[in-house]
Structure formats: C-alpha cells, structure tokens
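Everything below belongs to target30.cif, which stores mmCIF, C-alpha atoms.
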```cif
data_upload
#
loop_
_atom_site.label_atom_id
_atom_site.label_comp_id
_atom_site.auth_asym_id
_atom_site.auth_seq_id
_atom_site.Cartn_x
_atom_site.Cartn_y
_atom_site.Cartn_z
CA MET O 1 133.80 74.10 12.81
CA GLN O 2 134.02 75.81 9.42
CA HIS O 3 135.05 79.45 9.79
CA ILE O 4 133.49 81.89 7.33
CA ALA O 5 134.78 85.45 6.95
CA LEU O 6 132.86 88.21 5.19
CA VAL O 7 135.11 91.05 4.01
CA THR O 8 133.62 94.30 2.70
CA GLY O 9 135.62 96.54 0.42
CA ALA O 10 137.21 93.34 -0.82
CA SER O 11 138.60 94.81 -4.04
CA THR O 12 140.75 97.36 -2.18
CA GLU O 13 144.37 96.56 -1.41
CA LEU O 14 143.62 95.85 2.25
CA GLY O 15 140.41 94.02 1.43
CA GLU O 16 142.16 91.68 -0.98
CA ALA O 17 145.03 91.10 1.45
CA SER O 18 142.50 90.16 4.14
CA VAL O 19 140.64 87.82 1.79
CA ARG O 20 143.89 86.05 0.90
CA ARG O 21 144.94 85.81 4.54
CA PHE O 22 141.73 84.08 5.61
CA LEU O 23 141.70 81.77 2.58
CA ALA O 24 145.28 80.72 3.30
CA HIS O 25 144.08 79.42 6.67
CA ASP O 26 141.25 77.33 5.26
CA HIS O 27 138.39 79.78 5.86
CA ARG O 28 135.53 80.19 3.46
CA VAL O 29 135.34 83.84 2.43
CA ILE O 30 132.56 86.09 1.16
CA ALA O 31 134.16 88.98 -0.72
CA LEU O 32 131.81 91.97 -0.90
CA ASP O 33 132.35 95.11 -2.95
CA ALA O 34 130.66 97.47 -5.39
CA GLU O 35 133.23 96.64 -8.08
CA SER O 36 132.19 93.30 -9.59
CA SER O 37 134.90 93.14 -12.28
CA GLN O 38 137.70 93.63 -9.75
CA LEU O 39 136.23 90.95 -7.52
CA GLU O 40 136.16 88.47 -10.40
CA ASP O 41 139.75 89.31 -11.36
CA MET O 42 140.84 88.68 -7.77
CA LYS O 43 139.04 85.34 -7.65
CA LEU O 44 140.65 84.17 -10.89
CA SER O 45 144.09 85.07 -9.55
CA LEU O 46 143.68 82.67 -6.61
CA PRO O 47 144.90 79.06 -6.58
CA VAL O 48 142.23 76.71 -7.93
CA ASP O 49 141.55 75.10 -4.55
CA GLN O 50 140.93 78.52 -2.97
CA GLN O 51 138.57 79.56 -5.75
CA GLN O 52 136.17 76.90 -4.45
CA LYS O 53 136.13 78.58 -1.03
CA ILE O 54 135.34 82.15 -2.04
CA LEU O 55 132.02 83.75 -2.91
CA THR O 56 132.24 87.16 -4.61
CA LEU O 57 129.24 89.47 -4.35
CA SER O 58 128.71 92.95 -5.76
CA LEU O 59 126.16 95.34 -4.27
CA ASP O 60 125.51 98.82 -2.92
CA MET O 61 125.94 98.35 0.84
CA SER O 62 124.20 101.64 1.59
CA ASP O 63 120.96 100.05 0.33
CA ALA O 64 119.57 98.18 3.35
CA GLU O 65 117.00 96.23 1.33
CA GLN O 66 119.65 95.04 -1.13
CA VAL O 67 121.91 93.94 1.74
CA ASP O 68 119.07 92.06 3.46
CA GLU O 69 118.09 90.22 0.29
CA LEU O 70 121.64 89.24 -0.56
CA ILE O 71 122.54 87.93 2.90
CA ALA O 72 119.24 86.03 3.11
CA SER O 73 120.02 84.30 -0.19
CA LEU O 74 123.50 83.05 0.76
CA LEU O 75 124.20 79.40 0.02
CA PRO O 76 124.11 77.21 3.16
CA GLU O 77 127.87 76.64 3.05
CA PHE O 78 128.47 80.40 3.31
CA SER O 79 125.57 81.50 5.53
CA ALA O 80 127.00 81.05 9.04
CA VAL O 81 129.45 83.96 9.02
CA THR O 82 131.87 83.85 11.96
CA VAL O 83 134.03 86.91 11.18
CA LEU O 84 132.85 90.20 9.67
CA VAL O 85 135.57 92.59 8.49
CA ASN O 86 134.01 95.99 7.79
CA ASN O 87 136.69 97.45 5.53
CA ALA O 88 134.67 99.27 2.85
CA SER O 89 135.01 103.06 2.88
CA LEU O 90 135.70 106.06 0.70
CA THR O 91 139.00 107.87 1.18
CA PRO O 92 139.27 111.63 1.82
CA THR O 93 138.65 113.92 -1.13
CA GLN O 94 141.16 116.58 -2.08
CA GLY O 95 140.82 120.30 -1.50
CA GLN O 96 138.50 122.55 0.48
CA GLN O 97 135.37 120.68 1.49
CA ARG O 98 133.31 123.86 1.53
CA GLU O 99 133.56 123.67 -2.26
CA ALA O 100 132.43 120.03 -2.43
CA GLN O 101 129.08 118.97 -3.85
CA GLN O 102 126.34 117.58 -1.62
CA THR O 103 126.56 114.34 -3.58
CA ASP O 104 130.22 113.98 -2.53
CA TRP O 105 129.35 114.32 1.15
CA SER O 106 126.35 112.02 0.86
CA LEU O 107 128.40 109.36 -0.90
CA GLY O 108 130.97 109.36 1.90
CA ILE O 109 128.28 109.02 4.56
CA ASN O 110 126.44 106.30 2.63
CA ARG O 111 129.53 104.19 2.01
CA ASN O 112 131.32 104.70 5.31
CA ILE O 113 128.42 104.67 7.78
CA LYS O 114 125.33 103.17 6.18
CA GLY O 115 127.26 100.28 4.62
CA LEU O 116 128.90 99.49 7.96
CA VAL O 117 125.61 99.56 9.86
CA HIS O 118 123.54 97.62 7.33
CA VAL O 119 125.92 94.68 6.95
CA THR O 120 126.59 94.46 10.69
CA ARG O 121 122.90 94.58 11.61
CA ILE O 122 121.87 91.76 9.29
CA LEU O 123 124.64 89.41 10.49
CA LEU O 124 124.47 90.03 14.25
CA PRO O 125 121.36 87.96 15.12
CA GLY O 126 122.87 84.84 13.56
CA MET O 127 126.18 85.34 15.37
CA VAL O 128 124.40 85.74 18.70
CA GLU O 129 122.20 82.69 18.10
CA ARG O 130 125.17 80.50 17.11
CA GLN O 131 127.23 81.89 20.02
CA CYS O 132 130.11 82.56 17.68
CA GLY O 133 131.13 85.73 15.90
CA HIS O 134 133.56 88.61 15.67
CA VAL O 135 132.90 92.04 14.14
CA ILE O 136 136.11 93.85 13.14
CA ASN O 137 135.74 97.45 11.99
CA VAL O 138 138.65 99.02 10.11
CA GLY O 139 138.97 102.65 11.15
CA ALA O 140 141.66 105.24 10.55
CA VAL O 141 144.19 107.04 12.73
CA GLY O 142 143.38 110.12 10.64
CA ALA O 143 139.88 110.20 12.13
CA GLN O 144 141.41 111.54 15.35
CA ASN O 145 143.36 114.34 13.66
CA PRO O 146 142.02 117.17 11.48
CA CYS O 147 143.30 117.29 7.91
CA LEU O 148 142.47 119.08 4.67
CA GLY O 149 139.74 117.17 2.85
CA GLY O 150 138.86 115.04 5.85
CA ASP O 151 135.66 116.78 6.97
CA VAL O 152 133.24 113.97 6.13
CA TYR O 153 135.84 111.18 5.99
CA GLY O 154 137.20 111.94 9.47
CA GLY O 155 133.71 112.22 10.91
CA THR O 156 132.57 108.93 9.43
CA LYS O 157 135.71 107.11 10.52
CA ALA O 158 135.30 108.47 14.06
CA PHE O 159 131.86 106.84 13.92
CA PHE O 160 133.62 103.47 13.41
CA GLN O 161 135.26 103.71 16.83
CA GLN O 162 132.20 104.85 18.77
CA PHE O 163 129.96 102.35 16.98
CA SER O 164 132.41 99.57 17.86
CA LEU O 165 132.64 100.48 21.55
CA ASN O 166 128.87 100.79 21.99
CA LEU O 167 128.19 97.62 20.02
CA ARG O 168 130.67 95.84 22.26
CA ALA O 169 128.78 97.06 25.34
CA ASP O 170 125.48 95.97 23.79
CA LEU O 171 126.80 92.45 23.20
CA ILE O 172 128.18 91.83 26.68
CA GLY O 173 126.82 88.49 27.85
CA THR O 174 126.94 86.99 24.36
CA ALA O 175 129.79 85.16 22.66
CA VAL O 176 130.15 87.84 19.96
CA ARG O 177 133.28 90.00 20.06
CA VAL O 178 133.77 93.47 18.57
CA SER O 179 137.05 95.18 17.69
CA SER O 180 138.16 98.27 15.82
CA ILE O 181 141.53 98.52 14.10
CA HIS O 182 142.89 101.95 13.24
CA THR O 183 145.76 102.51 10.85
CA ILE O 184 147.37 105.08 8.61
CA ALA O 185 147.02 104.81 4.84
CA THR O 186 148.98 101.72 3.85
CA GLU O 187 152.29 102.26 2.09
CA LYS O 188 154.50 99.40 0.98
CA GLU O 189 157.65 100.84 2.57
CA LEU O 190 156.05 101.78 5.91
CA LEU O 191 152.96 99.72 6.69
CA SER O 192 151.64 97.42 3.99
CA ALA O 193 148.16 96.05 3.41
CA ASN O 194 149.54 92.62 4.27
CA ASP O 195 150.73 93.97 7.64
CA VAL O 196 147.25 95.23 8.48
CA ALA O 197 145.60 92.05 7.17
CA GLU O 198 147.88 90.03 9.43
CA SER O 199 146.72 92.11 12.40
CA ILE O 200 143.07 91.60 11.45
CA PHE O 201 143.60 87.85 11.28
CA TRP O 202 145.48 87.83 14.60
CA VAL O 203 142.71 89.76 16.38
CA SER O 204 140.10 87.34 15.03
CA HIS O 205 142.02 84.30 16.26
CA LEU O 206 142.73 85.26 19.84
CA PRO O 207 141.24 82.94 22.49
CA HIS O 208 137.50 83.47 22.78
CA HIS O 209 137.73 84.83 26.32
CA MET O 210 139.83 87.75 25.01
CA ASN O 211 138.61 90.83 23.12
CA ILE O 212 140.68 93.62 21.56
CA ASN O 213 138.49 96.71 21.90
CA ARG O 214 140.73 99.07 19.92
CA LEU O 215 144.02 98.46 18.13
CA GLU O 216 146.08 101.29 16.61
CA LEU O 217 148.72 100.38 14.03
CA MET O 218 151.63 102.63 13.10
CA PRO O 219 154.97 102.00 11.40
CA ALA O 220 157.90 102.04 13.83
CA THR O 221 159.26 105.16 12.11
CA LYS O 222 156.19 107.28 12.94
CA THR O 223 154.40 108.36 16.10
#
```
Could I get this file's structure written as structure tokens?
Amino acid sequence: MQHIALVTGASTELGEASVRRFLAHDHRVIALDAESSQLEDMKLSLPVDQQQKILTLSLDMSDAEQVDELIASLLPEFSAVTVLVNNASLTPTQGQQREAQQTDWSLGINRNIKGLVHVTRILLPGMVERQCGHVINVGAVGAQNPCLGGDVYGGTKAFFQQFSLNLRADLIGTAVRVSSIHTIATEKELLSANDVAESIFWVSHLPHHMNINRLELMPATKT
C-alpha cells in the first residue's frame, strides 16, 4: 500500500522536517502552505528521486471552498491520503493583546482553527471509506498556560486538543486514528524540529490497533 502524507504549514521548520521524514521512508507527500515560493525552494532542495514523490500546493486554508476544490483536483497518485499532519498555525503576537487590531485576532482564528477544520473535514470521508487514516494535530504546551500575547493563540491551540479528543470519539468503530502532539517552541539546543517530526512519524507508524490520544513533548532539561 502506498502511504500518502499531507502536511500543512509545510514551509515552517517543523513542517519541512516532517515532509523530509515521510519522504525518507518512501511516502508520497502533499506539502501545503500559503507560501508558494518557500514550498518550491524546499522541493528543489530535495534529492531528485524525492522530488518525484512530493506535490507542493499553495492556498488559503481558511477558505473552505478553495480547500474543497484543491483536494478534489488531486492527481490519482496523491488522492488517497493516509496521514494528515495539521501543523499550520500562526505564532503568538507580541505585546498587550488589548491593543491588537481585529484583523490580527481574526487572522489567528482563521489560520489556526478554520484551516484545521476545513482540511480535516474534506479528507475524513475518504479515510473512513478506505478504512485507513490518521489525523495528527500539532498543538502547543503553551495553550495550557497563560502568557503575554497568547490570548488568541492559546485559545486556538487549546481548540486543537479538544477537537482531537472529540473527533477521536466520533470515529470510534472506524479504522481512522486521531492524535494530538503538544510541544514547546522548537529550539535547536533543546528540542529541534527534527525531534518533533520524528515523534510525528513514530505516532503515525504504531500498530493499527494502537492510538496515541495526546502526546506532550518537552526537553529533558525542562518540566
């Protein structure tokens, strides 16, 4: 069976690390992001044989119609997605959020919640029908702890966990698994993007009778 992973936020450090991890193990990969130039640069940096196995797509994931049209138009060799990694999100803004513009708050909600929901919704029916699929949502440890600038970010990331748990309950009786992975901001010296990507890959390749509901990642030097 050909495994196909779709990674959102693919031009981020963690997104790219996840793309490379799946490609290295002979998966086809759909790399999704709003930044088309960065996606193309990433593709060109891959070994030639891996470039044949990646499809880069740029779109606004908060636009449900755009997501539906794009997924419906996937080439047959990329259409049967087996792993969805919902990694796309906006990071916290700096400073007092009471001084933020409405557009700043709306952008965070659109990217972090609407993008997650739209991509997941369009892929789920196919996963259920094929009796094969895993949805992995990348959350944040910071969503559980208040911080300056995290008003909207923390709230949207908390949504990742609750959405994952309820989606898991909804899919009981099917072969589709759901997991959420929560981590701190990646830092090379403490917890790298490659470390988190390795965990994402590991979770997706556990035996099919096992499901990780929630996984929290921290460097050994922090609590």
Run the PyMOL selection byres ((chain O and resi 172-177) around 7) against the file shown and list the residues it catches, as a ChimeraX atom specification. /O:127-128,131-135,168-171,178-179,211
Take the point (144.6, 106.5, 15.7) as written in the file and pick out every residue within 7 Å of it, counting all atoms listed in the file; give the list as a PyMOL selection string. chain O and resi 140-144+182-183+216
Find the residues of range 65-151 of chain O that sit at most 12 Å from range 31-50 of chain O; for each, write down the nearest two atoms and how far apart they are in Å, to one decimal. Count all atoms listed in the file. Sort by chain, then by number going up, and give it as CSV.
```
residue,atom,partner,partner_atom,distance
O:Val67,CA,O:Leu32,CA,10.4
O:Leu70,CA,O:Leu32,CA,10.5
O:Ile71,CA,O:Leu32,CA,10.8
O:Phe78,CA,O:Ala31,CA,11.1
O:Val81,CA,O:Ala31,CA,11.9
O:Leu84,CA,O:Ala31,CA,10.5
O:Val85,CA,O:Ala31,CA,10.0
O:Asn86,CA,O:Leu32,CA,9.8
O:Asn87,CA,O:Leu32,CA,9.8
O:Ala88,CA,O:Asp33,CA,7.5
O:Ser89,CA,O:Asp33,CA,10.2
O:Leu90,CA,O:Ala34,CA,11.7
O:Arg111,CA,O:Ala34,CA,10.1
O:Gly115,CA,O:Asp33,CA,10.5
O:Leu116,CA,O:Leu32,CA,12.0
O:Val119,CA,O:Leu32,CA,10.2
```
Straight-line distance linking CA of Ala185 in chain O with CA of Ile113 in chain O, stated in Å to one decimal: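 Answer for the CA of Ala185 in chain O to CA of Ile113 in chain O separation: 18.8 Å.
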When distances are computed from only C-alpha atoms, which of O:Ala72, O:Val117, O:Leu206, O:Ile30 shows the smallest separation from Ser11 in chain O? O:Ile30
Pick the closest to Ser192 in chain O from O:Ser18, O:Thr8, O:Asp26, O:Arg214: which is it, counting all atoms listed in the file? O:Ser18
Written as a ChimeraX atom specification, which residues does the PyMOL selection byres ((chain O and resi 218-220) around 7) give for the file shown? /O:183-184,190-191,216-217,221-222
Reference answer for the PyMOL selection byres ((chain O and resi 13) around 10), as a compact mmCIF listing (two decimals) with C-alpha atoms, keeping the file's coordinate frame:
```txt
# COMPACT_ATOMS: atom_id res chain seq x y z
CA GLY O 9 135.62 96.54 0.42
CA ALA O 10 137.21 93.34 -0.82
CA SER O 11 138.60 94.81 -4.04
CA THR O 12 140.75 97.36 -2.18
CA LEU O 14 143.62 95.85 2.25
CA GLY O 15 140.41 94.02 1.43
CA GLU O 16 142.16 91.68 -0.98
CA ALA O 17 145.03 91.10 1.45
CA SER O 18 142.50 90.16 4.14
CA THR O 186 148.98 101.72 3.85
CA SER O 192 151.64 97.42 3.99
CA ALA O 193 148.16 96.05 3.41
CA ASN O 194 149.54 92.62 4.27
CA ALA O 197 145.60 92.05 7.17
```
So what do you get for CA of Asp68 in chain O versus CA of Arg130 in chain O, distance-wise? 18.9 Å
The distance between CA of His3 in chain O and CA of His27 in chain O is 5.2 Å
Centre, x/y/z edge lengths, axis-aligned box for range 200-215 of chain O with 4 Å per side, as JSON:
```
{"center_x": 141.5, "center_y": 91.0, "center_z": 18.8, "size_x": 16.0, "size_y": 24.1, "size_z": 23.0}
```
Residues near Leu23 in chain O, cut-off 8 Å, only C-alpha atoms, skip fewer than 4 positions along chain, as a PDB file with C-alpha atoms, keeping the file's coordinate frame:
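Produced file selection.pdb, reproduced below:
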```pdb
ATOM      1  CA  VAL O  19     140.640  87.820   1.790  1.00  0.00           C
ATOM      2  CA  HIS O  27     138.390  79.780   5.860  1.00  0.00           C
ATOM      3  CA  ARG O  28     135.530  80.190   3.460  1.00  0.00           C
ATOM      4  CA  VAL O  29     135.340  83.840   2.430  1.00  0.00           C
ATOM      5  CA  GLN O  50     140.930  78.520  -2.970  1.00  0.00           C
ATOM      6  CA  LYS O  53     136.130  78.580  -1.030  1.00  0.00           C
ATOM      7  CA  ILE O  54     135.340  82.150  -2.040  1.00  0.00           C
TER       8      ILE O  54
END
```
Nearest to Leu123 in chain O by atom-to-atom distance, counting all atoms listed in the file, from O:Val138, O:Leu75, O:Leu107, O:Val83: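 Selected residue with least distance to Leu123 in chain O: O:Val83.
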Using all atoms listed in the file, which residue out of O:Arg20, O:His25, O:His118, O:His205 lies closest to Met61 in chain O?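 Of all the options, O:His118 lies closest to Met61 in chain O.
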